[in-house]
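Source file: target27.tsv. Holds: TSV, C-alpha atoms.
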chain	number	residue	atom	x	y	z
A	238	MET	CA	-120.13	29.65	73.77
A	239	ASP	CA	-120.24	30.14	77.46
A	240	ASP	CA	-123.23	30.04	79.71
A	241	SER	CA	-123.32	33.77	80.26
A	242	GLU	CA	-124.85	34.20	76.82
A	243	ALA	CA	-128.06	32.60	77.99
A	244	ASP	CA	-128.30	35.17	80.78
A	245	ARG	CA	-128.45	38.15	78.47
A	246	PRO	CA	-131.73	40.03	78.19
A	247	PRO	CA	-133.63	39.13	75.01
A	248	ALA	CA	-133.89	42.80	74.07
A	249	ARG	CA	-130.23	42.74	73.14
A	250	ARG	CA	-130.78	40.08	70.51
A	251	THR	CA	-132.08	40.26	67.00
A	252	ALA	CA	-135.08	38.18	66.00
A	253	GLU	CA	-132.82	35.29	65.03
A	254	GLN	CA	-132.16	32.58	67.56
A	255	GLY	CA	-129.28	30.26	68.30
A	256	PRO	CA	-125.69	30.88	69.29
A	257	GLY	CA	-123.65	32.87	66.80
A	258	ARG	CA	-126.62	33.45	64.51
A	259	HIS	CA	-127.47	36.87	65.82
A	260	VAL	CA	-125.50	40.04	65.40
A	261	LEU	CA	-125.93	43.26	67.26
A	262	GLY	CA	-128.90	45.24	66.00
A	263	THR	CA	-127.02	48.01	64.20
A	264	PRO	CA	-123.87	47.30	62.23
A	265	TRP	CA	-121.04	49.13	63.96
A	266	HIS	CA	-120.30	49.30	67.66
A	267	ASP	CA	-117.57	50.89	69.72
A	268	ALA	CA	-115.26	48.40	71.38
A	269	ARG	CA	-112.82	49.59	74.03
A	270	LEU	CA	-109.38	48.05	74.40
A	271	VAL	CA	-108.99	46.72	77.94
A	272	ASP	CA	-105.86	44.57	77.68
A	273	SER	CA	-103.26	43.33	75.25
A	274	ARG	CA	-100.26	41.03	75.06
A	275	ARG	CA	-97.48	40.44	72.58
A	276	GLU	CA	-97.55	37.11	70.77
A	277	THR	CA	-94.44	37.71	68.64
A	278	ALA	CA	-92.33	40.71	67.61
A	279	SER	CA	-94.96	41.54	64.99
A	280	ALA	CA	-98.21	40.21	66.43
A	281	ARG	CA	-100.37	41.32	69.32
A	282	THR	CA	-103.48	39.93	70.98
A	283	LEU	CA	-106.03	42.63	71.81
A	284	ARG	CA	-108.84	42.19	74.32
A	285	PHE	CA	-111.80	44.50	73.80
A	286	GLU	CA	-114.91	45.14	75.82
A	287	LEU	CA	-118.12	45.65	73.89
A	288	PRO	CA	-121.22	46.14	76.07
A	289	GLY	CA	-124.07	43.94	74.84
A	290	TRP	CA	-121.84	41.62	72.80
A	291	PRO	CA	-124.16	38.69	71.95
A	292	GLY	CA	-121.46	36.01	72.15
A	293	HIS	CA	-119.95	34.12	69.23
A	294	LEU	CA	-118.98	30.70	67.93
A	295	ALA	CA	-115.38	29.55	67.72
A	296	GLY	CA	-114.13	30.36	64.22
A	297	GLN	CA	-116.27	33.45	63.63
A	298	HIS	CA	-114.74	36.78	62.70
A	299	VAL	CA	-115.46	40.47	63.05
A	300	ASP	CA	-114.98	43.43	60.75
A	301	VAL	CA	-112.94	46.27	62.21
A	302	ARG	CA	-113.33	49.87	60.97
A	303	LEU	CA	-110.97	52.74	61.64
A	304	THR	CA	-111.91	56.31	60.77
A	305	ALA	CA	-109.31	59.05	60.32
A	306	ASP	CA	-109.84	62.66	61.38
A	307	ASP	CA	-110.67	63.58	57.78
A	308	GLY	CA	-113.38	60.92	57.60
A	309	TYR	CA	-111.37	58.38	55.60
A	310	THR	CA	-112.24	54.86	56.68
A	311	ALA	CA	-110.40	51.56	56.38
A	312	GLN	CA	-111.98	48.19	57.12
A	313	ARG	CA	-110.52	44.71	57.69
A	314	SER	CA	-111.73	41.30	58.85
A	315	TYR	CA	-110.09	39.62	61.85
A	316	SER	CA	-110.79	36.23	63.37
A	317	LEU	CA	-111.82	36.03	67.01
A	318	SER	CA	-109.01	34.10	68.70
A	319	ALA	CA	-110.78	33.22	71.96
A	320	PRO	CA	-114.23	31.82	72.76
A	321	ALA	CA	-117.09	33.95	73.98
A	322	ASP	CA	-116.54	35.45	77.42
A	323	GLY	CA	-119.26	37.90	78.43
A	324	ASP	CA	-118.72	41.31	76.86
A	325	ALA	CA	-115.07	40.54	76.01
A	326	LEU	CA	-113.64	39.59	72.66
A	327	GLU	CA	-110.08	38.91	71.59
A	328	LEU	CA	-108.35	39.39	68.26
A	329	THR	CA	-104.77	38.48	67.36
A	330	VAL	CA	-103.43	40.86	64.74
A	331	GLN	CA	-100.35	40.31	62.59
A	332	LEU	CA	-98.51	43.45	61.52
A	333	VAL	CA	-98.57	44.00	57.77
A	334	PRO	CA	-95.88	46.58	57.02
A	335	ASP	CA	-97.37	49.61	55.23
A	336	GLY	CA	-100.87	48.32	55.99
A	337	GLU	CA	-103.67	50.74	56.82
A	338	VAL	CA	-105.14	49.02	59.86
A	339	SER	CA	-102.73	46.50	61.38
A	340	PRO	CA	-99.92	48.98	62.28
A	341	TYR	CA	-102.37	50.90	64.45
A	342	LEU	CA	-103.67	47.74	66.13
A	343	VAL	CA	-100.24	46.19	66.69
A	344	GLU	CA	-98.17	49.28	67.55
A	345	ASP	CA	-100.34	52.22	68.55
A	346	ILE	CA	-103.69	51.48	70.16
A	347	LYS	CA	-103.66	51.87	73.96
A	348	PRO	CA	-105.97	50.58	76.70
A	349	GLY	CA	-109.01	52.86	76.84
A	350	ASP	CA	-108.93	53.58	73.09
A	351	SER	CA	-111.91	52.47	71.01
A	352	ILE	CA	-112.38	51.04	67.53
A	353	GLU	CA	-115.55	50.15	65.63
A	354	ILE	CA	-116.51	46.49	65.32
A	355	ARG	CA	-119.23	44.68	63.35
A	356	GLY	CA	-120.10	41.08	64.15
A	357	PRO	CA	-119.96	38.26	65.00
A	358	LEU	CA	-119.79	37.18	61.37
A	359	GLY	CA	-119.67	33.97	59.36
A	360	GLY	CA	-121.45	30.72	60.12
A	361	TRP	CA	-119.42	28.41	57.87
A	362	PHE	CA	-115.92	28.26	59.33
A	363	VAL	CA	-117.12	27.47	62.85
A	364	TRP	CA	-116.91	24.62	65.32
A	365	ARG	CA	-119.97	23.87	67.42
A	366	GLN	CA	-120.06	22.02	70.71
A	367	THR	CA	-122.61	19.59	69.25
A	368	GLN	CA	-119.98	18.20	66.85
A	369	ALA	CA	-118.73	14.89	68.25
A	370	GLU	CA	-116.48	13.81	65.35
A	371	PRO	CA	-112.67	14.15	65.44
A	372	VAL	CA	-111.36	17.53	64.38
A	373	LEU	CA	-108.14	18.37	62.55
A	374	LEU	CA	-107.07	22.00	62.66
A	375	VAL	CA	-104.37	23.06	60.19
A	376	GLY	CA	-103.10	26.63	60.44
A	377	GLY	CA	-100.48	28.54	58.49
A	378	GLY	CA	-98.95	31.63	60.11
A	379	SER	CA	-101.58	33.99	61.50
A	380	GLY	CA	-104.23	31.54	60.27
A	381	VAL	CA	-103.87	29.78	63.60
A	382	ALA	CA	-106.02	32.47	65.28
A	383	PRO	CA	-109.54	31.09	64.60
A	384	LEU	CA	-108.25	27.55	65.20
A	385	MET	CA	-107.01	28.67	68.61
A	386	ALA	CA	-110.53	29.86	69.39
A	387	MET	CA	-111.77	26.34	68.57
A	388	LEU	CA	-109.09	24.66	70.68
A	389	ARG	CA	-109.82	26.98	73.59
A	390	ALA	CA	-113.60	26.55	73.21
A	391	ARG	CA	-113.20	22.77	73.37
A	392	ALA	CA	-111.15	23.05	76.57
A	393	ARG	CA	-113.45	25.58	78.18
A	394	LEU	CA	-116.57	23.55	77.41
A	395	GLY	CA	-114.99	20.29	78.52
A	396	ALA	CA	-115.91	18.81	75.13
A	397	THR	CA	-114.66	15.31	74.36
A	398	ALA	CA	-114.38	15.51	70.57
A	399	PRO	CA	-110.76	14.55	69.76
A	400	PHE	CA	-108.81	17.55	68.47
A	401	ARG	CA	-105.43	17.86	66.81
A	402	LEU	CA	-103.80	21.10	65.71
A	403	VAL	CA	-101.04	21.19	63.10
A	404	TYR	CA	-99.52	24.66	62.93
A	405	SER	CA	-97.08	25.68	60.23
A	406	ALA	CA	-94.84	28.61	61.24
A	407	ARG	CA	-91.73	30.13	59.69
A	408	THR	CA	-89.47	29.99	62.74
A	409	PRO	CA	-89.85	29.41	66.51
A	410	ALA	CA	-89.97	33.21	66.99
A	411	ASP	CA	-93.10	33.39	64.82
A	412	VAL	CA	-95.24	31.02	66.92
A	413	TYR	CA	-98.36	32.51	68.52
A	414	TYR	CA	-99.66	31.13	71.84
A	415	ALA	CA	-96.46	29.05	72.23
A	416	ASP	CA	-96.74	28.18	75.95
A	417	GLU	CA	-100.44	27.44	75.77
A	418	LEU	CA	-99.98	25.16	72.76
A	419	ARG	CA	-97.16	23.28	74.47
A	420	GLU	CA	-99.35	22.67	77.52
A	421	SER	CA	-102.41	21.69	75.47
A	422	GLY	CA	-100.81	18.40	74.46
A	423	ASN	CA	-102.71	18.20	71.16
A	424	ALA	CA	-100.77	20.66	69.02
A	425	THR	CA	-97.73	20.19	66.80
A	426	VAL	CA	-95.77	23.08	65.31
A	427	LEU	CA	-94.03	22.49	61.98
A	428	TYR	CA	-91.44	24.94	60.70
A	429	THR	CA	-90.92	26.14	57.15
A	430	ARG	CA	-87.74	28.27	57.45
A	431	ALA	CA	-85.86	27.45	60.65
A	432	ALA	CA	-86.57	24.70	63.18
A	433	PRO	CA	-85.48	24.64	66.82
A	434	ALA	CA	-82.11	23.03	67.59
A	435	GLY	CA	-82.37	19.27	67.84
A	436	SER	CA	-85.49	19.06	65.68
A	437	SER	CA	-85.55	15.92	63.55
A	438	ARG	CA	-87.76	17.41	60.84
A	439	PRO	CA	-85.95	19.79	58.50
A	440	PRO	CA	-87.73	23.10	57.82
A	441	ARG	CA	-90.05	22.65	54.86
A	442	ARG	CA	-93.56	23.15	53.60
A	443	ILE	CA	-96.26	20.97	55.15
A	444	SER	CA	-96.50	17.63	53.31
A	445	ALA	CA	-98.87	14.71	52.82
A	446	ASP	CA	-96.68	12.72	55.22
A	447	ASP	CA	-97.03	15.41	57.89
A	448	LEU	CA	-100.82	15.35	57.61
A	449	ALA	CA	-100.92	11.54	57.57
A	450	SER	CA	-98.82	11.22	60.71
A	451	LEU	CA	-100.34	14.13	62.66
A	452	GLY	CA	-103.96	14.14	61.48
A	453	TRP	CA	-106.84	11.64	61.53
A	454	PRO	CA	-107.38	8.92	58.94
A	455	ALA	CA	-110.09	9.78	56.41
A	456	GLU	CA	-112.01	6.65	57.51
A	457	GLN	CA	-112.73	8.35	60.86
A	458	SER	CA	-114.58	11.12	58.98
A	459	PRO	CA	-112.97	14.02	60.82
A	460	THR	CA	-113.90	17.61	60.07
A	461	CYS	CA	-110.81	19.50	58.91
A	462	TYR	CA	-110.48	23.26	59.35
A	463	VAL	CA	-107.71	24.87	57.29
A	464	CYS	CA	-106.81	28.54	57.67
A	465	GLY	CA	-103.92	30.59	56.36
A	466	PRO	CA	-102.63	32.41	53.29
A	467	THR	CA	-104.34	31.34	50.05
A	468	PRO	CA	-101.46	29.18	48.66
A	469	PHE	CA	-101.11	27.40	52.03
A	470	VAL	CA	-104.83	26.67	52.20
A	471	GLU	CA	-104.96	25.44	48.59
A	472	ASN	CA	-102.01	23.10	49.22
A	473	VAL	CA	-103.33	21.64	52.47
A	474	ALA	CA	-106.91	21.27	51.21
A	475	ASN	CA	-105.65	19.44	48.11
A	476	LEU	CA	-103.44	17.13	50.20
A	477	LEU	CA	-106.37	16.26	52.47
A	478	ILE	CA	-108.71	15.53	49.56
A	479	GLU	CA	-106.02	13.44	47.83
A	480	ALA	CA	-105.69	11.48	51.09
A	481	GLY	CA	-109.36	10.57	50.84
A	482	HIS	CA	-111.03	13.20	52.99
A	483	ASP	CA	-114.53	14.20	51.93
A	484	PRO	CA	-114.26	17.68	50.36
A	485	ALA	CA	-117.44	18.65	52.23
A	486	ARG	CA	-115.57	18.01	55.49
A	487	VAL	CA	-112.62	20.22	54.58
A	488	ARG	CA	-113.55	23.76	55.56
A	489	THR	CA	-111.25	26.57	54.57
A	490	GLU	CA	-110.61	30.19	55.36
A	491	ARG	CA	-108.08	32.06	53.27
A	492	PHE	CA	-106.19	35.25	53.99
A	493	GLY	CA	-105.93	37.20	50.78
A	494	PRO	CA	-104.11	40.44	50.06
A	495	SER	CA	-106.42	42.58	52.15
A	496	GLY	CA	-103.76	45.23	52.59
A	497	GLY	CA	-103.36	44.70	56.35
B	147	MET	CA	-107.18	34.19	37.45
B	148	THR	CA	-104.44	34.78	39.96
B	149	SER	CA	-104.30	33.24	43.43
B	150	ASP	CA	-104.67	36.69	44.99
B	151	TYR	CA	-108.10	36.07	46.35
B	152	MET	CA	-109.82	35.83	49.69
B	153	ASP	CA	-112.75	33.55	50.26
B	154	GLY	CA	-116.47	33.95	50.68
B	155	ASN	CA	-116.16	34.25	54.45
B	156	VAL	CA	-115.29	37.93	53.97
B	157	LEU	CA	-118.72	38.52	52.43
B	158	ALA	CA	-120.36	37.92	55.79
B	159	GLY	CA	-120.01	41.51	57.06
B	160	PRO	CA	-120.91	43.49	53.93
B	161	MET	CA	-123.77	41.12	53.02
B	162	ARG	CA	-125.12	41.30	56.55
B	163	ASP	CA	-126.06	44.89	55.71
B	164	VAL	CA	-128.11	43.65	52.75
B	165	PHE	CA	-129.57	40.27	53.70
B	166	ALA	CA	-131.36	39.30	56.88
B	167	ILE	CA	-129.33	36.07	57.02
B	168	ASP	CA	-125.69	35.01	56.81
B	169	ILE	CA	-125.25	34.20	53.13
B	170	THR	CA	-121.83	32.58	53.62
B	171	GLU	CA	-123.63	29.47	54.92
B	172	SER	CA	-126.10	29.54	52.03
B	173	VAL	CA	-125.58	27.20	49.10
B	174	ALA	CA	-124.93	28.96	45.81
B	175	VAL	CA	-125.56	27.29	42.46
B	176	CYS	CA	-123.33	28.75	39.75
B	177	ALA	CA	-125.26	29.93	36.69
B	178	GLY	CA	-122.16	29.15	34.61
B	179	CYS	CA	-121.25	25.55	35.44
B	180	GLY	CA	-123.96	24.39	37.82
B	181	ARG	CA	-121.54	23.75	40.69
B	182	SER	CA	-123.14	24.12	44.09
B	183	GLY	CA	-121.42	24.92	47.36
B	184	PRO	CA	-121.56	27.33	50.26
B	185	MET	CA	-120.89	30.99	49.44
B	186	ALA	CA	-118.04	30.74	51.98
B	187	GLU	CA	-116.11	28.74	49.37
B	188	ALA	CA	-116.38	31.39	46.64
B	189	HIS	CA	-113.16	33.10	45.59
B	190	VAL	CA	-113.44	36.78	46.46
B	191	TYR	CA	-111.39	39.55	44.87
B	192	GLY	CA	-111.35	42.87	46.66
B	193	GLY	CA	-108.84	45.02	44.77
B	194	GLY	CA	-111.39	47.25	43.03
B	195	PRO	CA	-114.13	49.51	44.33
B	196	GLY	CA	-116.06	46.57	45.73
B	197	LEU	CA	-116.07	42.81	46.10
B	198	VAL	CA	-116.25	40.25	43.29
B	199	ALA	CA	-117.10	36.65	44.22
B	200	ARG	CA	-116.24	33.98	41.64
B	201	CYS	CA	-117.19	30.32	41.37
B	202	PRO	CA	-114.31	28.14	42.63
B	203	GLY	CA	-115.13	25.65	39.86
B	204	CYS	CA	-115.25	27.79	36.70
B	205	ASP	CA	-114.35	31.37	37.75
B	206	ASN	CA	-117.75	32.66	36.64
B	207	VAL	CA	-118.67	35.85	38.52
B	208	LEU	CA	-121.34	34.89	41.06
B	209	LEU	CA	-121.80	38.21	42.79
B	210	ARG	CA	-120.51	41.76	42.66
B	211	TYR	CA	-121.04	44.27	45.42
B	212	ALA	CA	-119.89	47.87	45.67
B	213	GLU	CA	-120.61	50.70	48.06
B	214	THR	CA	-120.57	54.13	46.39
B	215	PRO	CA	-121.74	57.61	47.37
B	216	TYR	CA	-124.75	57.04	45.04
B	217	GLY	CA	-125.82	53.76	46.55
B	218	ARG	CA	-124.92	50.15	47.10
B	219	TRP	CA	-124.72	48.03	43.98
B	220	LEU	CA	-125.47	44.32	44.00
B	221	ASP	CA	-125.18	42.20	40.85
B	222	MET	CA	-126.13	38.54	41.30
B	223	ARG	CA	-126.79	37.53	37.69
B	224	GLY	CA	-124.11	34.81	37.79
B	225	LEU	CA	-125.79	33.15	40.73
B	226	GLY	CA	-128.40	30.69	39.50
B	227	VAL	CA	-129.92	29.77	42.85
B	228	LEU	CA	-129.17	30.70	46.45
B	229	ARG	CA	-130.44	28.12	48.94
B	230	LEU	CA	-130.84	29.71	52.35
B	231	ALA	CA	-130.80	27.93	55.69
B	232	PRO	CA	-134.24	26.83	56.94
B	233	ALA	CA	-136.11	29.48	58.88
B	234	THR	CA	-135.64	29.07	62.62
B	235	SER	CA	-139.27	30.11	63.29
What does this structure look like when you write it as structure tokens?
Amino acid sequence: MDDSEADRPPARRTAEQGPGRHVLGTPWHDARLVDSRRETASARTLRFELPGWPGHLAGQHVDVRLTADDGYTAQRSYSLSAPADGDALELTVQLVPDGEVSPYLVEDIKPGDSIEIRGPLGGWFVWRQTQAEPVLLVGGGSGVAPLMAMLRARARLGATAPFRLVYSARTPADVYYADELRESGNATVLYTRAAPAGSSRPPRRISADDLASLGWPAEQSPTCYVCGPTPFVENVANLLIEAGHDPARVRTERFGPSGG
Amino acid sequence: MTSDYMDGNVLAGPMRDVFAIDITESVAVCAGCGRSGPMAEAHVYGGGPGLVARCPGCDNVLLRYAETPYGRWLDMRGLGVLRLAPATS
């Protein structure tokens, strides 16, 4: 959260109190695209402006709804990839070929265009500034997006909780936020299909050894956030629990076959 | 069951239209096996006309929700208990 949330007039809030616990009073709101940037050949970060946005917690998501001229609607959930910043919110969207929503968001939408958004949503897969314990973030593919919001929130808030991000990507060309991660100093990218030249680790699926060398020991009681495709999340969550992590401290968010 | 599921986090939006609270943080007790855990951990299948949330322990159906032109249908018979977060006054 940023401080600007506290400055908002109470009339814009629902009866609930506390950061991230309130949503806008009616479900769907128009959000206008104000900026965008390419992350990879098939992924784009979109920055929207939504007047009256109540702020959000790192890790929360929104539902996006598109309506065609004939009234047909399609709806998808996307993680917020940046912390709260006034009326702005950012999503990073991965193109799903033949999808109903992502091709529009990655290829077609232009600054000034609007979509409908509902949120912020979800109070489980979130990191709060009050958490002082070490944090391990493990992302697979586009699952890095909500973890990036956590990493950025920690930096923006000047929080001291130790963070480590382990990010599994197919190839160097598939890495989101590459420059920012390199500069952050607490992120490691592991590759599953092709590694950069000179890399000592051959491309392969994330392993128990990877998590042991890059994560926190279970004895330090870290909170682990795991996000990615369902098989990735199942694998990593099982490895962490086998390594002694408390299952209640392994929080997961899976990307299923939502149809993009 | 197949591994083609999402998780309970996706229930947050649709259920926000029904409940006054975020049920993904609420603890669900499965009427089938007695397992308890946050709704966010449920396995959610969305291929049909609505959403089906299953217990991650025994695959029992915890909750079904569908939006139709005739109304919104909510079936929670597989959910023994739902423990909500304390009221914030």
Using all atoms listed in the file, find which residues of chain A lie within 6 Å of chain B and jot them down as a VMD selection string.
-> chain A and resid 358 to 361 491 to 493
Across A:Ser318, A:Thr467, A:Ser421, A:Thr367, the smallest distance to Val330 in chain A, with only C-alpha atoms counted, is shown by A:Ser318
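Using all atoms listed in the file, the nearest neighbour of Gly289 in chain A within the list A:Gly356, A:Ala305, A:Tyr341, A:Ser273 is A:Gly356.
Computed from the coordinates, the CA of Asn206 in chain B to CA of Arg313 in chain A distance equals 25.3 Å.
The smallest atom-to-atom distance between Ala432 in chain A and any of A:Glu471, A:Asp411, A:Glu417, A:Glu370, using only C-alpha atoms, is found for A:Asp411.
The gap separating CA of Ser351 in chain A from CA of Gln297 in chain A is 20.9 Å, in Å to one decimal.
Across the model, the gap from CA of Pro320 in chain A to CA of Met387 in chain A is 7.3 Å.
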Would you be able to write out as a tab-separated table (two decimals) with C-alpha atoms, keeping the file's coordinate frame which residues have an atom within 10 Å of (-110.4, 37.2, 64.0) in the file's coordinates, counting all atoms listed in the file?
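What landed in selection_1.tsv:
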chain	number	residue	atom	x	y	z
A	295	ALA	CA	-115.38	29.55	67.72
A	296	GLY	CA	-114.13	30.36	64.22
A	297	GLN	CA	-116.27	33.45	63.63
A	298	HIS	CA	-114.74	36.78	62.70
A	299	VAL	CA	-115.46	40.47	63.05
A	300	ASP	CA	-114.98	43.43	60.75
A	301	VAL	CA	-112.94	46.27	62.21
A	313	ARG	CA	-110.52	44.71	57.69
A	314	SER	CA	-111.73	41.30	58.85
A	315	TYR	CA	-110.09	39.62	61.85
A	316	SER	CA	-110.79	36.23	63.37
A	317	LEU	CA	-111.82	36.03	67.01
A	318	SER	CA	-109.01	34.10	68.70
A	319	ALA	CA	-110.78	33.22	71.96
A	326	LEU	CA	-113.64	39.59	72.66
A	327	GLU	CA	-110.08	38.91	71.59
A	328	LEU	CA	-108.35	39.39	68.26
A	329	THR	CA	-104.77	38.48	67.36
A	330	VAL	CA	-103.43	40.86	64.74
A	357	PRO	CA	-119.96	38.26	65.00
A	358	LEU	CA	-119.79	37.18	61.37
A	379	SER	CA	-101.58	33.99	61.50
A	380	GLY	CA	-104.23	31.54	60.27
A	381	VAL	CA	-103.87	29.78	63.60
A	382	ALA	CA	-106.02	32.47	65.28
A	383	PRO	CA	-109.54	31.09	64.60
A	384	LEU	CA	-108.25	27.55	65.20
A	386	ALA	CA	-110.53	29.86	69.39
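Those residues that approach range 332-338 of chain A to within 9 Å, counting only C-alpha atoms, are Ser279, Ala280, Arg281, Val301, Arg302, Leu303, Ala311, Gln312, Arg313, Val343, Glu344, Ser495, Gly496 and Gly497 of chain A; same-chain residues fewer than 5 positions away are not listed.
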Write out as a PyMOL selection string which residues come within 12 Å of Cys179 in chain B when counting all atoms listed in the file, dropping same-chain ones fewer than 2 positions away.
-> chain B and resi 174-177+181-183+200-208+224-226
Contacts of range 472-477 of chain A at 9 Å (only C-alpha atoms; same-chain gap of 6+ positions) as a ChimeraX atom specification | /A:375,443-445,448-449,455,461,463,483-484,487-489
